[in-house]
Amino acid sequence: MNKPLLVWLHGFCFDHNRDTEFVNKLRDALGANLLNIDAPHIGSRPRGGYMWHDVPIKHRAGITREFVSECTRQLKVSADHIRKTVEAELERLGLSWGDVIVAGHSQGADMAVRFILQHQPVKYALSFCGADPEYTIQKNIKFKTTPIIWVAGIGDIILPQEYRNCWIVYRDAGVPVEYMETECRDNGHDYPHDTIIPKVVEAIK
């Protein structure tokens, strides 16, 4: 039996080193290969890192037509980047998209769900503290076959409630979504506690 490929997408203005401990524990629990991808765009915050798309400094602020247009362009570049990077790894491992679990944290979770709904069905998608801000939603969901495990941070003070609740929109559209909650190590959003991992693995099994 082939080991699945866990594809991890980091959060906004970080890189593949951000969640190493958590990601490695998730990989081991799933018995998976790991592909930890850096986003293709240079981060727009002083701390540096990379991003899948830009975000305004304050939610809902600065969302101009030009901003949305640029964000849409960045999302396309990011989706193409993920596809090409994953396809190269699948060829190396002798696997297919049906062996892939796409997962991410925060903006990486947003990108993971967006990718499987709009670009490529996979075995599973895992969203940790993710959202789908209204200014970047593409209204057409093309694929509804990939099960999503949606993990929200308890007491998340980073994401507005309506952003965190977009899993309900997916569910109502016919996408298979299982909702869970977890403690996080900081502000209800960063560093999901690894006690959630056994629950995620059990849901997948």
# chains A, B, ... in the order shown; residues from 1 in each chain; ligands from 1
>>> residues_around(residues="stretch 174-190 of chain A", least_positions_apart="2", cutoff="10 Å", atoms="only C-alpha atoms", output="JSON, numbers by chain")
{"A": [11, 19, 105, 106, 117, 125, 126, 127, 128, 129, 130, 141, 143, 144, 145, 146, 147, 148, 149, 150, 151, 152, 153, 154, 155, 156, 157, 158, 159, 167, 168, 169, 170, 171, 172, 192, 193, 194, 195, 196, 197, 199, 200, 203]}
>>> select_by_dssp(residues="stretch 74-190 of chain A", states="alpha helix (DSSP H)", output="VMD selection string")
chain A and resid 74 to 93 107 to 118 161 to 164 166 to 172
>>> select_by_dssp(residues="stretch 30-132 of chain A", states="strand (DSSP E)", output="JSON list (two decimals) with N, CA and C atoms, in the first residue's frame")
[["chain", "number", "residue", "atom", "x", "y", "z"],
["A", 33, "ASN", "N", 4.50, 10.44, 3.41],
["A", 33, "ASN", "CA", 5.61, 11.25, 2.92],
["A", 33, "ASN", "C", 5.23, 12.71, 3.15],
["A", 34, "LEU", "N", 6.21, 13.60, 3.17],
["A", 34, "LEU", "CA", 5.94, 15.01, 3.42],
["A", 34, "LEU", "C", 6.55, 15.89, 2.34],
["A", 35, "LEU", "N", 5.74, 16.82, 1.85],
["A", 35, "LEU", "CA", 6.21, 17.87, 0.95],
["A", 35, "LEU", "C", 5.79, 19.20, 1.57],
["A", 36, "ASN", "N", 6.75, 19.97, 2.05],
["A", 36, "ASN", "CA", 6.50, 21.22, 2.76],
["A", 36, "ASN", "C", 6.89, 22.37, 1.81],
["A", 37, "ILE", "N", 5.89, 23.09, 1.31],
["A", 37, "ILE", "CA", 6.11, 24.03, 0.21],
["A", 37, "ILE", "C", 6.16, 25.48, 0.70],
["A", 41, "HIS", "N", 5.16, 34.00, -3.36],
["A", 41, "HIS", "CA", 5.23, 35.46, -3.29],
["A", 41, "HIS", "C", 5.98, 35.91, -2.04],
["A", 42, "ILE", "N", 6.84, 36.92, -2.19],
["A", 42, "ILE", "CA", 7.58, 37.47, -1.06],
["A", 42, "ILE", "C", 6.59, 38.14, -0.09],
["A", 50, "TYR", "N", 7.01, 34.31, 3.16],
["A", 50, "TYR", "CA", 6.32, 34.22, 1.88],
["A", 50, "TYR", "C", 4.82, 34.22, 2.11],
["A", 51, "MET", "N", 4.07, 34.47, 1.04],
["A", 51, "MET", "CA", 2.61, 34.49, 1.15],
["A", 51, "MET", "C", 1.98, 33.87, -0.10],
["A", 100, "VAL", "N", -2.83, 12.08, -2.26],
["A", 100, "VAL", "CA", -2.40, 13.35, -1.68],
["A", 100, "VAL", "C", -3.36, 13.83, -0.58],
["A", 101, "ILE", "N", -2.78, 14.29, 0.53],
["A", 101, "ILE", "CA", -3.51, 15.02, 1.57],
["A", 101, "ILE", "C", -2.94, 16.43, 1.59],
["A", 102, "VAL", "N", -3.75, 17.41, 1.23],
["A", 102, "VAL", "CA", -3.30, 18.81, 1.24],
["A", 102, "VAL", "C", -3.74, 19.44, 2.55],
["A", 103, "ALA", "N", -2.79, 20.03, 3.27],
["A", 103, "ALA", "CA", -3.08, 20.61, 4.58],
["A", 103, "ALA", "C", -2.35, 21.94, 4.73],
["A", 104, "GLY", "N", -2.84, 22.75, 5.65],
["A", 104, "GLY", "CA", -2.17, 24.02, 5.89],
["A", 104, "GLY", "C", -2.68, 24.70, 7.13],
["A", 105, "HIS", "N", -1.98, 25.75, 7.53],
["A", 105, "HIS", "CA", -2.35, 26.54, 8.70],
["A", 105, "HIS", "C", -2.61, 27.98, 8.29],
["A", 124, "TYR", "N", -7.73, 13.95, 0.78],
["A", 124, "TYR", "CA", -8.27, 14.70, 1.90],
["A", 124, "TYR", "C", -7.67, 16.10, 1.91],
["A", 125, "ALA", "N", -8.39, 17.04, 2.53],
["A", 125, "ALA", "CA", -7.84, 18.36, 2.81],
["A", 125, "ALA", "C", -8.00, 18.64, 4.29],
["A", 126, "LEU", "N", -6.95, 19.20, 4.91],
["A", 126, "LEU", "CA", -6.97, 19.52, 6.33],
["A", 126, "LEU", "C", -6.75, 21.02, 6.49],
["A", 127, "SER", "N", -7.72, 21.69, 7.10],
["A", 127, "SER", "CA", -7.64, 23.14, 7.32],
["A", 127, "SER", "C", -7.48, 23.41, 8.80],
["A", 128, "PHE", "N", -6.33, 23.98, 9.19],
["A", 128, "PHE", "CA", -6.08, 24.34, 10.58],
["A", 128, "PHE", "C", -6.13, 25.86, 10.73]]
>>> closest_residue(among="A:Thr85, A:Asn140, A:Gln118, A:Ser69", to="A:Val7", atoms="only C-alpha atoms")
A:Thr85
>>> closest_residue(among="A:Gly48, A:Gly94, A:Pro198, A:Gly43", to="A:Asp28", atoms="only C-alpha atoms")
A:Pro198
